[in-house]
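Listing of target_15.cif; format and content: mmCIF, C-alpha atoms.
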```cif
data_structure
loop_
_atom_site.label_atom_id
_atom_site.label_comp_id
_atom_site.auth_asym_id
_atom_site.auth_seq_id
_atom_site.Cartn_x
_atom_site.Cartn_y
_atom_site.Cartn_z
CA MET Q 1112 1.26 11.26 18.46
CA ILE Q 1113 2.93 11.68 15.08
CA ASP Q 1114 1.74 15.30 14.83
CA GLN Q 1115 2.90 16.02 18.37
CA THR Q 1116 6.30 14.55 17.56
CA LEU Q 1117 6.54 16.64 14.41
CA ALA Q 1118 5.72 19.71 16.47
CA GLY Q 1119 8.81 18.94 18.57
CA ASP Q 1120 7.27 17.00 21.47
CA GLN Q 1121 9.82 14.29 22.24
CA SER Q 1122 7.71 12.74 25.00
CA ALA Q 1123 5.08 11.91 22.35
CA TYR Q 1124 7.76 10.09 20.40
CA ALA Q 1125 8.82 8.27 23.57
CA ASP Q 1126 5.22 7.01 23.87
CA LEU Q 1127 5.31 5.91 20.24
CA VAL Q 1128 8.55 4.02 20.90
CA LYS Q 1129 7.07 2.35 23.99
CA ARG Q 1130 4.09 1.22 21.95
CA HIS Q 1131 6.13 -0.45 19.21
CA GLN Q 1132 9.41 -1.38 20.87
CA ARG Q 1133 8.53 -5.00 21.67
CA PHE Q 1134 7.60 -5.83 18.12
CA VAL Q 1135 10.49 -3.91 16.56
CA PHE Q 1136 12.93 -5.56 18.97
CA THR Q 1137 11.50 -9.01 18.14
CA LEU Q 1138 11.88 -8.34 14.42
CA ALA Q 1139 15.46 -7.17 14.95
CA LEU Q 1140 16.15 -10.33 16.91
CA ARG Q 1141 15.05 -12.41 13.91
CA PHE Q 1142 18.08 -11.03 12.07
CA ALA Q 1143 20.62 -10.37 14.79
CA LYS Q 1144 20.45 -13.64 16.76
CA ASN Q 1145 21.76 -11.94 19.89
CA ARG Q 1146 20.10 -9.35 22.13
CA GLU Q 1147 22.88 -6.74 22.02
CA ASP Q 1148 22.92 -6.52 18.23
CA ALA Q 1149 19.11 -6.61 18.13
CA GLU Q 1150 18.94 -3.73 20.58
CA GLU Q 1151 21.35 -1.73 18.45
CA ILE Q 1152 19.32 -2.40 15.29
CA ALA Q 1153 16.01 -1.56 17.01
CA GLN Q 1154 17.39 1.70 18.43
CA ASP Q 1155 18.83 2.63 15.07
CA CYS Q 1156 15.39 2.03 13.49
CA PHE Q 1157 13.60 4.35 15.91
CA ILE Q 1158 16.22 7.07 15.43
CA LYS Q 1159 15.93 6.73 11.64
CA ALA Q 1160 12.12 6.82 11.89
CA TYR Q 1161 12.30 10.01 13.99
CA ARG Q 1162 14.66 11.61 11.48
CA SER Q 1163 12.42 10.85 8.52
CA LEU Q 1164 9.01 11.16 10.20
CA GLU Q 1165 8.26 14.24 8.07
CA SER Q 1166 8.50 12.09 4.93
CA PHE Q 1167 5.86 9.62 6.22
CA GLN Q 1168 3.02 10.07 3.71
CA ARG Q 1169 0.24 8.47 5.83
CA GLN Q 1170 -1.08 6.55 2.83
CA ALA Q 1171 -0.05 3.31 4.52
CA LYS Q 1172 -0.20 2.32 8.18
CA PHE Q 1173 2.51 3.78 10.40
CA THR Q 1174 3.48 0.25 11.44
CA THR Q 1175 4.00 -0.82 7.80
CA TRP Q 1176 6.29 2.19 7.29
CA LEU Q 1177 8.14 1.49 10.55
CA TYR Q 1178 8.58 -2.22 9.79
CA SER Q 1179 10.01 -1.41 6.35
CA ILE Q 1180 12.66 0.69 8.14
CA VAL Q 1181 13.32 -2.28 10.43
CA TYR Q 1182 13.68 -4.60 7.45
CA THR Q 1183 16.13 -2.40 5.53
CA THR Q 1184 18.16 -1.56 8.66
CA ALA Q 1185 18.34 -5.21 9.72
CA MET Q 1186 19.28 -6.35 6.22
CA THR Q 1187 22.05 -3.73 6.03
CA SER Q 1188 23.34 -4.83 9.43
CA LEU Q 1189 23.19 -8.50 8.40
CA ARG Q 1190 25.12 -7.79 5.18
CA LYS Q 1191 27.74 -5.88 7.16
CA LYS Q 1192 28.07 -8.79 9.57
CA ARG Q 1193 28.34 -11.23 6.67
CA LEU Q 1194 31.17 -9.18 5.22
CA ASP Q 1195 32.88 -9.22 8.61
CA THR Q 1196 32.53 -12.92 9.32
CA ASP Q 1197 31.95 -14.26 5.79
CA SER Q 1198 30.23 -17.29 7.22
CA ILE Q 1199 26.54 -16.85 7.97
CA ASP Q 1200 25.09 -16.88 4.45
CA ASN Q 1201 23.89 -20.44 4.41
CA GLU Q 1202 21.62 -22.57 6.48
CA ASN Q 1203 24.51 -24.66 7.84
CA THR Q 1204 25.23 -21.91 10.31
CA PHE Q 1205 21.66 -22.00 11.51
CA ILE Q 1206 21.92 -25.75 11.91
CA GLN Q 1207 25.03 -25.19 14.03
CA VAL Q 1208 23.18 -22.64 16.13
CA GLU Q 1209 20.37 -25.14 16.46
CA SER Q 1210 22.64 -27.91 17.70
CA GLN Q 1211 24.33 -25.53 20.13
CA ASN Q 1212 20.99 -24.52 21.56
CA SER Q 1213 19.86 -28.12 21.87
CA SER Q 1214 22.92 -29.29 23.76
CA PHE Q 1215 23.09 -26.18 25.92
CA ASP Q 1216 19.60 -26.53 27.24
CA THR Q 1217 19.25 -30.26 27.79
CA ASN Q 1218 19.23 -30.01 31.58
CA ASN Q 1219 16.18 -27.77 31.63
CA ALA Q 1220 14.09 -29.81 29.22
CA GLU Q 1221 11.30 -30.45 31.67
CA ASN Q 1222 10.76 -26.71 32.26
CA ARG Q 1223 10.27 -25.87 28.65
CA SER Q 1224 6.93 -24.74 27.31
CA ARG Q 1225 5.52 -25.01 23.81
CA SER Q 1226 6.33 -21.34 23.24
CA PHE Q 1227 9.98 -22.03 24.07
CA TYR Q 1228 10.15 -24.70 21.37
CA LEU Q 1229 8.39 -22.43 18.94
CA ASN Q 1230 10.83 -19.57 19.59
CA GLN Q 1231 13.73 -21.99 19.29
CA ALA Q 1232 12.41 -23.22 15.93
CA ILE Q 1233 11.90 -19.62 14.70
CA GLU Q 1234 15.50 -18.79 15.65
CA GLN Q 1235 16.63 -21.63 13.38
CA LEU Q 1236 14.79 -20.23 10.36
CA LEU Q 1237 16.38 -17.97 7.79
CA PRO Q 1238 15.81 -14.28 8.69
CA ASP Q 1239 13.37 -13.64 5.81
CA ASP Q 1240 11.22 -16.64 6.79
CA ALA Q 1241 11.25 -15.65 10.47
CA MET Q 1242 10.33 -12.06 9.55
CA ILE Q 1243 7.37 -13.13 7.37
CA ILE Q 1244 6.05 -15.49 10.05
CA THR Q 1245 6.37 -12.81 12.75
CA LEU Q 1246 4.77 -10.07 10.64
CA PHE Q 1247 1.89 -12.34 9.67
CA TYR Q 1248 1.11 -13.80 13.08
CA LYS Q 1249 2.07 -11.03 15.49
CA GLY Q 1250 2.22 -7.86 13.39
CA GLU Q 1251 -1.39 -8.02 12.17
CA GLN Q 1252 -0.08 -7.40 8.67
CA SER Q 1253 -1.85 -8.53 5.51
CA LEU Q 1254 0.05 -10.13 2.63
CA GLU Q 1255 -0.05 -6.77 0.79
CA GLU Q 1256 1.37 -4.94 3.80
CA ILE Q 1257 4.12 -7.53 4.28
CA GLY Q 1258 4.87 -7.08 0.57
CA GLN Q 1259 5.22 -3.32 1.09
CA THR Q 1260 7.47 -3.85 4.10
CA MET Q 1261 9.79 -6.30 2.38
CA GLY Q 1262 9.59 -4.93 -1.17
CA MET Q 1263 7.85 -7.99 -2.64
CA GLU Q 1264 4.69 -8.79 -4.53
CA PRO Q 1265 1.81 -10.13 -2.35
CA ASN Q 1266 1.86 -13.42 -4.29
CA THR Q 1267 5.56 -13.87 -3.59
CA VAL Q 1268 4.84 -13.22 0.10
CA LYS Q 1269 2.08 -15.85 -0.01
CA VAL Q 1270 4.45 -18.47 -1.45
CA LYS Q 1271 7.23 -17.50 0.98
CA LEU Q 1272 4.80 -17.66 3.92
CA PHE Q 1273 3.72 -21.14 2.89
CA ARG Q 1274 7.34 -22.35 2.65
CA ALA Q 1275 8.28 -20.61 5.91
CA ARG Q 1276 5.42 -22.35 7.71
CA GLN Q 1277 6.52 -25.71 6.30
CA ARG Q 1278 10.11 -25.16 7.44
CA LEU Q 1279 8.96 -23.99 10.85
CA LYS Q 1280 6.79 -27.07 11.22
CA GLU Q 1281 9.73 -29.33 10.29
CA LYS Q 1282 12.08 -27.60 12.73
CA LEU Q 1283 9.48 -27.73 15.49
CA GLU Q 1284 8.94 -31.45 14.95
CA ARG Q 1285 12.67 -32.13 14.79
CA ASN Q 1286 13.34 -30.21 18.02
CA LEU Q 1287 10.50 -31.90 19.86
CA LYS Q 1288 11.65 -35.35 18.72
CA HIS Q 1289 15.16 -34.51 19.88
CA GLU Q 1290 13.88 -33.44 23.30
CA VAL Q 1291 11.76 -36.58 23.71
CA LYS Q 1292 14.83 -38.74 22.94
CA GLU Q 1293 16.85 -36.76 25.51
CA LEU Q 1294 14.21 -37.29 28.16
CA ILE Q 1295 14.06 -41.06 27.49
CA MET R 1348 -1.69 -26.80 -9.01
CA ASN R 1349 -1.90 -26.27 -5.26
CA THR R 1350 -1.00 -29.08 -2.91
CA ALA R 1351 -3.54 -30.17 -0.28
CA GLU R 1352 -1.52 -28.41 2.40
CA GLU R 1353 -1.32 -25.18 0.43
CA LYS R 1354 -5.08 -25.30 -0.19
CA LEU R 1355 -5.71 -25.80 3.51
CA TRP R 1356 -3.43 -22.95 4.53
CA ASN R 1357 -5.27 -20.67 2.10
CA TYR R 1358 -8.55 -21.88 3.62
CA ILE R 1359 -7.29 -21.17 7.16
CA ASP R 1360 -5.93 -17.73 6.17
CA GLY R 1361 -9.14 -16.90 4.29
CA THR R 1362 -7.25 -16.04 1.10
CA CYS R 1363 -9.08 -18.39 -1.27
CA THR R 1364 -12.07 -17.53 -3.45
CA PRO R 1365 -15.64 -18.40 -2.28
CA ALA R 1366 -15.77 -21.23 -4.86
CA GLU R 1367 -12.51 -22.73 -3.58
CA GLN R 1368 -13.74 -22.29 -0.03
CA GLU R 1369 -16.89 -24.25 -0.81
CA ALA R 1370 -14.93 -27.01 -2.57
CA ILE R 1371 -12.57 -27.37 0.41
CA ARG R 1372 -15.50 -27.43 2.84
CA LEU R 1373 -17.07 -30.30 0.89
CA GLN R 1374 -13.76 -32.19 0.72
CA LEU R 1375 -13.36 -31.79 4.49
CA GLU R 1376 -16.70 -33.46 5.01
CA GLN R 1377 -15.93 -36.41 2.69
CA ASP R 1378 -12.18 -37.01 2.99
CA THR R 1379 -11.08 -38.04 6.50
CA ALA R 1380 -7.33 -37.82 5.73
CA PHE R 1381 -7.86 -34.31 4.39
CA ALA R 1382 -9.85 -33.41 7.51
CA ALA R 1383 -7.10 -34.80 9.75
CA LYS R 1384 -4.52 -32.68 7.92
CA TYR R 1385 -6.79 -29.67 8.38
CA ARG R 1386 -7.00 -30.25 12.15
CA GLU R 1387 -3.21 -30.61 12.32
CA LEU R 1388 -2.64 -27.34 10.45
CA LEU R 1389 -5.28 -25.57 12.52
CA LEU R 1390 -3.47 -26.60 15.69
CA LEU R 1391 -0.18 -25.43 14.23
CA ASN R 1392 -1.79 -22.13 13.25
CA SER R 1393 -2.97 -21.51 16.79
CA GLU R 1394 0.54 -22.37 18.07
CA PHE R 1395 2.07 -19.84 15.69
CA SER R 1396 -0.46 -17.21 16.78
CA ALA R 1397 0.52 -17.79 20.41
CA MET R 1398 4.14 -16.89 19.67
CA GLU R 1399 5.57 -14.54 22.30
CA LEU R 1400 7.30 -11.26 21.59
CA ASP R 1401 10.67 -10.51 23.13
CA GLU R 1402 11.04 -7.76 25.67
CA PRO R 1403 13.75 -5.13 25.04
CA PRO R 1404 15.91 -3.89 27.95
CA MET R 1405 14.32 -1.52 30.49
CA ALA R 1406 16.26 1.52 29.32
CA PHE R 1407 15.38 1.02 25.67
CA THR R 1408 13.08 4.06 25.25
CA TYR R 1409 15.45 6.25 27.25
CA ASN R 1410 18.36 5.16 25.04
CA VAL R 1411 16.40 5.95 21.86
CA ILE R 1412 15.49 9.46 23.08
CA GLU R 1413 19.09 10.02 24.23
CA GLY R 1414 20.30 8.89 20.81
CA ILE R 1415 17.98 11.41 19.15
CA ARG R 1416 19.16 14.20 21.48
CA ASN R 1417 22.81 13.37 20.83
CA GLU R 1418 22.19 13.39 17.10
CA GLN R 1419 20.46 16.77 17.33
CA ALA R 1420 23.35 18.16 19.40
CA LEU R 1421 25.80 16.99 16.75
CA GLN R 1422 23.75 18.58 13.98
CA PRO R 1423 25.98 21.15 12.24
CA LEU R 1424 25.12 24.81 12.81
CA LYS R 1425 24.68 25.41 9.07
CA ALA R 1426 21.60 23.13 9.11
CA ALA R 1427 20.00 25.22 11.83
CA ILE R 1428 20.67 28.64 10.25
CA ASN R 1429 18.82 29.94 7.26
CA LYS R 1430 20.96 29.84 4.12
CA ARG R 1431 19.93 33.38 3.18
CA ILE R 1432 21.47 34.75 6.35
CA ILE R 1433 24.73 32.99 5.53
CA ARG R 1434 24.64 34.33 1.95
CA GLY R 1435 23.87 37.87 3.18
CA ILE R 1436 26.77 37.83 5.60
CA SER R 1437 29.17 36.41 3.01
CA LEU R 1438 28.13 39.06 0.46
CA LEU R 1439 28.72 41.76 3.05
CA PHE R 1440 32.19 40.40 3.78
CA ILE R 1441 33.09 40.05 0.09
CA GLY R 1442 31.98 43.65 -0.52
CA MET R 1443 33.99 44.98 2.41
CA LEU R 1444 37.10 43.00 1.41
CA SER R 1445 36.87 44.28 -2.19
CA VAL R 1446 36.64 47.88 -0.98
CA ILE R 1447 39.64 47.43 1.33
CA LEU R 1448 41.70 45.72 -1.41
CA ILE R 1449 40.99 48.39 -4.01
CA TYR R 1450 41.76 51.12 -1.52
CA THR R 1451 45.06 49.43 -0.47
CA PHE R 1452 46.28 48.83 -4.02
CA SER R 1453 45.54 52.41 -4.98
CA LYS R 1454 47.83 53.61 -2.20
CA VAL R 1455 50.71 51.17 -2.93
CA SER R 1456 53.52 52.27 -5.22
CA LEU R 1457 55.64 49.41 -6.58
CA SER R 1458 59.17 50.43 -7.57
CA THR R 1459 62.30 48.54 -8.85
CA GLY R 1460 65.66 50.23 -8.20
CA GLY R 1461 65.83 53.74 -9.57
CA THR R 1462 62.97 53.56 -12.02
CA GLY R 1463 59.71 53.49 -10.16
CA ILE R 1464 56.74 51.85 -11.83
CA ASN R 1465 53.39 52.70 -10.45
CA LEU R 1466 51.04 49.90 -11.53
CA PHE R 1467 48.04 52.05 -10.89
CA ALA R 1468 49.45 55.17 -12.47
CA LYS R 1469 46.67 55.39 -15.01
CA PHE R 1470 44.05 53.97 -12.66
CA THR R 1471 42.29 56.71 -10.74
CA VAL R 1472 40.72 55.47 -7.59
CA PRO R 1473 38.16 57.55 -5.82
CA ASN R 1474 39.10 58.90 -2.44
CA PHE R 1475 37.24 56.47 -0.15
CA SER R 1476 38.13 58.26 3.04
CA LYS R 1477 35.65 60.97 2.21
CA TYR R 1478 32.84 58.37 1.92
CA PHE R 1479 33.40 57.01 5.45
CA THR R 1480 31.89 60.00 7.11
CA GLY R 1481 29.29 59.93 9.86
CA PRO R 1482 26.09 59.94 7.72
CA VAL R 1483 27.46 57.29 5.29
CA MET R 1484 28.25 54.93 8.16
CA GLN R 1485 24.79 55.54 9.61
CA ILE R 1486 23.16 54.63 6.27
CA PHE R 1487 25.38 51.54 6.03
CA LEU R 1488 24.40 50.36 9.51
CA PHE R 1489 20.73 51.16 8.86
CA LEU R 1490 20.76 49.00 5.73
CA ASP R 1491 22.41 46.19 7.71
CA ILE R 1492 19.65 46.31 10.33
CA VAL R 1493 16.95 46.30 7.63
CA LEU R 1494 18.60 43.29 5.98
CA ALA R 1495 18.82 41.43 9.30
CA LEU R 1496 15.15 42.16 10.13
CA TYR R 1497 14.04 41.07 6.66
CA LEU R 1498 15.91 37.76 6.90
CA ALA R 1499 14.68 37.10 10.46
CA ASP R 1500 11.07 37.81 9.41
CA ASN R 1501 11.43 35.52 6.42
CA TYR R 1502 12.81 32.71 8.57
CA LEU R 1503 10.07 32.96 11.23
CA ARG R 1504 7.33 33.14 8.59
CA LYS R 1505 8.63 29.95 6.96
CA LYS R 1506 8.70 28.20 10.31
CA ARG R 1507 5.08 29.17 11.01
CA ILE R 1508 3.91 27.95 7.59
CA THR R 1509 5.56 24.54 8.16
CA LYS R 1510 3.82 24.19 11.52
CA THR R 1511 0.41 25.08 10.02
CA ASP R 1512 0.91 22.55 7.20
CA ILE R 1513 1.60 19.79 9.70
CA SER R 1514 -1.40 20.49 11.92
CA VAL R 1515 -3.93 20.97 9.06
CA GLN R 1516 -3.71 17.95 6.79
CA PRO R 1517 -7.17 16.93 5.54
CA GLY R 1518 -8.12 13.29 4.91
CA VAL R 1519 -5.03 11.73 6.43
CA GLN R 1520 -5.06 8.22 7.78
CA GLN R 1521 -4.46 8.46 11.49
CA ASN R 1522 -3.29 5.09 12.68
CA ASP R 1523 -1.60 5.94 15.92
CA HIS R 1524 -4.01 8.18 17.77
#
```
Will you turn the file into structure tokens for me?
Amino acid sequence: MIDQTLAGDQSAYADLVKRHQRFVFTLALRFAKNREDAEEIAQDCFIKAYRSLESFQRQAKFTTWLYSIVYTTAMTSLRKKRLDTDSIDNENTFIQVESQNSSFDTNNAENRSRSFYLNQAIEQLLPDDAMIITLFYKGEQSLEEIGQTMGMEPNTVKVKLFRARQRLKEKLERNLKHEVKELI
Amino acid sequence: MNTAEEKLWNYIDGTCTPAEQEAIRLQLEQDTAFAAKYRELLLLNSEFSAMELDEPPMAFTYNVIEGIRNEQALQPLKAAINKRIIRGISLLFIGMLSVILIYTFSKVSLSTGGTGINLFAKFTVPNFSKYFTGPVMQIFLFLDIVLALYLADNYLRKKRITKTDISVQPGVQQNDH
């Protein structure tokens, strides 16, 4: 597919996009927090990847290379947004988002599945934590590969993964407790 | 020193050494609290693995390909044309302009009032009109065609080499085929 794309076959690249779009979009959503911005980031990533496909050395997996583009693009977008709003650089904002989500959805509590609560808890994590968790559990990426994607040492990734899992567990427990109280 | 939880996560992920693995296995058999924590983390691990991916909008792929096409359409012409062709054309123009300028100045006589000063009085310019005869023009055009063919051949050859390099890359890791 990569060779076909390099030879000028755009339909081959369309297939490549179809194959990876769900994961790239999910990663973008970890940073953007709304679907429109995530879509813009994900599209930007695929256009950037197409533009620099010739520079892909094939020493690492294509997905690792692609996810590193996602990470840098999403980080740049996040920094730009921070400069614009000057307010989303601490966890307080995520707590606010969390409380908004909780109050907004109280009427549908009985319809919620475990995966809903998990996604809600992931949304409340810091972008780096959410990215590591997603890459590890859904991206089939090893600690070394996550390190390559995010420009970190594998040991740092290991420590960050441990902390991210702890935070996710706490958020999940807190949300579930909150929902149980609401139901009672 | 690792905490019990950290040890257990390493055990679940399979990132600990065989010796550590054995030690944890023994502790799991003897320590009930440790075993309970292990079961809790194992459950959490399977929950995390069951996380669902988000679906992008229907037109996502189409939008990406459109974005690429728009970008290619906006690509400046200079990026698509070989630099040598541009240099060749500019050299040709510079040469022609120089010839015209020299010829013009040689014909101009600058004078102030009664006393005329010819700036090029001591500068003898060859009579160019005699060079622009039929055979000279033919040679000039012939050289232009040769130059154009040479540059076109060079450009196409380069393009073919790039294509061959892409298709014949030994020992590459093919991950998406």
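Across the model, the gap from CA of Tyr1182 in chain Q to CA of Phe1142 in chain Q is 9.1 Å.
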List the residues selected by the PyMOL selection byres ((chain Q and resi 1254) around 7) in the file shown, writing them as a list in words. Gln1252, Ser1253, Glu1255, Glu1256, Ile1257, Gly1258, Pro1265, Val1268 and Lys1269 of chain Q
Write the residues of the selection above to a file with C-alpha atoms, as a short mmCIF file (atom, residue, chain, number, x, y, z; two decimals), keeping the file's coordinate frame.
```cif
data_model
loop_
_atom_site.label_atom_id
_atom_site.label_comp_id
_atom_site.auth_asym_id
_atom_site.auth_seq_id
_atom_site.Cartn_x
_atom_site.Cartn_y
_atom_site.Cartn_z
CA GLN Q 1252 -0.08 -7.40 8.67
CA SER Q 1253 -1.85 -8.53 5.51
CA GLU Q 1255 -0.05 -6.77 0.79
CA GLU Q 1256 1.37 -4.94 3.80
CA ILE Q 1257 4.12 -7.53 4.28
CA GLY Q 1258 4.87 -7.08 0.57
CA PRO Q 1265 1.81 -10.13 -2.35
CA VAL Q 1268 4.84 -13.22 0.10
CA LYS Q 1269 2.08 -15.85 -0.01
#
```
For the structure shown, which residues end up in the PyMOL selection byres ((chain Q) within 8 of (chain R))? Put them as a ChimeraX atom specification, please? /Q:1112-1114,1117-1118,1121,1125,1128-1129,1132-1134,1136-1137,1150,1154-1155,1157-1158,1161,1169-1173,1226,1229-1230,1248-1249,1273,1280
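Take CA of Leu1164 in chain Q and CA of Lys1505 in chain R: the distance between them is 19.1 Å.
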Could you check how far CA of Ile1180 in chain Q sits from CA of Gln1231 in chain Q, in Å to one decimal? 25.3 Å
Leaving out range 1479-1490 of chain R and any residue of its chain fewer than 4 positions from it, which residues lie within 12 Å of it when counting only C-alpha atoms, given as number ranges by chain? R: 1435, 1439, 1443, 1446, 1474-1475, 1494-1497
Please, can range 1429-1440 of chain R be completed to N, CA and C atoms and returned as a PDB file, in the frame of the given file?
```pdb
ATOM      1  N   ASN R1429      19.353  29.731   8.599  1.00  0.00           N
ATOM      2  CA  ASN R1429      18.820  29.940   7.260  1.00  0.00           C
ATOM      3  C   ASN R1429      19.960  30.263   6.284  1.00  0.00           C
ATOM      4  N   LYS R1430      19.882  29.657   5.111  1.00  0.00           N
ATOM      5  CA  LYS R1430      20.960  29.840   4.120  1.00  0.00           C
ATOM      6  C   LYS R1430      21.060  31.293   3.659  1.00  0.00           C
ATOM      7  N   ARG R1431      19.914  31.985   3.650  1.00  0.00           N
ATOM      8  CA  ARG R1431      19.930  33.380   3.180  1.00  0.00           C
ATOM      9  C   ARG R1431      20.768  34.266   4.096  1.00  0.00           C
ATOM     10  N   ILE R1432      20.690  33.953   5.384  1.00  0.00           N
ATOM     11  CA  ILE R1432      21.470  34.750   6.350  1.00  0.00           C
ATOM     12  C   ILE R1432      22.954  34.555   6.062  1.00  0.00           C
ATOM     13  N   ILE R1433      23.318  33.297   5.811  1.00  0.00           N
ATOM     14  CA  ILE R1433      24.730  32.990   5.530  1.00  0.00           C
ATOM     15  C   ILE R1433      25.166  33.721   4.250  1.00  0.00           C
ATOM     16  N   ARG R1434      24.302  33.669   3.225  1.00  0.00           N
ATOM     17  CA  ARG R1434      24.640  34.330   1.950  1.00  0.00           C
ATOM     18  C   ARG R1434      24.777  35.837   2.152  1.00  0.00           C
ATOM     19  N   GLY R1435      23.844  36.424   2.915  1.00  0.00           N
ATOM     20  CA  GLY R1435      23.870  37.870   3.180  1.00  0.00           C
ATOM     21  C   GLY R1435      25.158  38.286   3.854  1.00  0.00           C
ATOM     22  N   ILE R1436      25.538  37.504   4.869  1.00  0.00           N
ATOM     23  CA  ILE R1436      26.770  37.830   5.600  1.00  0.00           C
ATOM     24  C   ILE R1436      27.991  37.686   4.683  1.00  0.00           C
ATOM     25  N   SER R1437      28.002  36.592   3.892  1.00  0.00           N
ATOM     26  CA  SER R1437      29.170  36.410   3.010  1.00  0.00           C
ATOM     27  C   SER R1437      29.260  37.509   1.964  1.00  0.00           C
ATOM     28  N   LEU R1438      28.113  37.945   1.431  1.00  0.00           N
ATOM     29  CA  LEU R1438      28.130  39.060   0.460  1.00  0.00           C
ATOM     30  C   LEU R1438      28.683  40.322   1.094  1.00  0.00           C
ATOM     31  N   LEU R1439      28.260  40.574   2.324  1.00  0.00           N
ATOM     32  CA  LEU R1439      28.720  41.760   3.050  1.00  0.00           C
ATOM     33  C   LEU R1439      30.239  41.726   3.215  1.00  0.00           C
ATOM     34  N   PHE R1440      30.739  40.537   3.584  1.00  0.00           N
ATOM     35  CA  PHE R1440      32.190  40.400   3.780  1.00  0.00           C
ATOM     36  C   PHE R1440      32.949  40.562   2.464  1.00  0.00           C
TER      37      PHE R1440
END
```
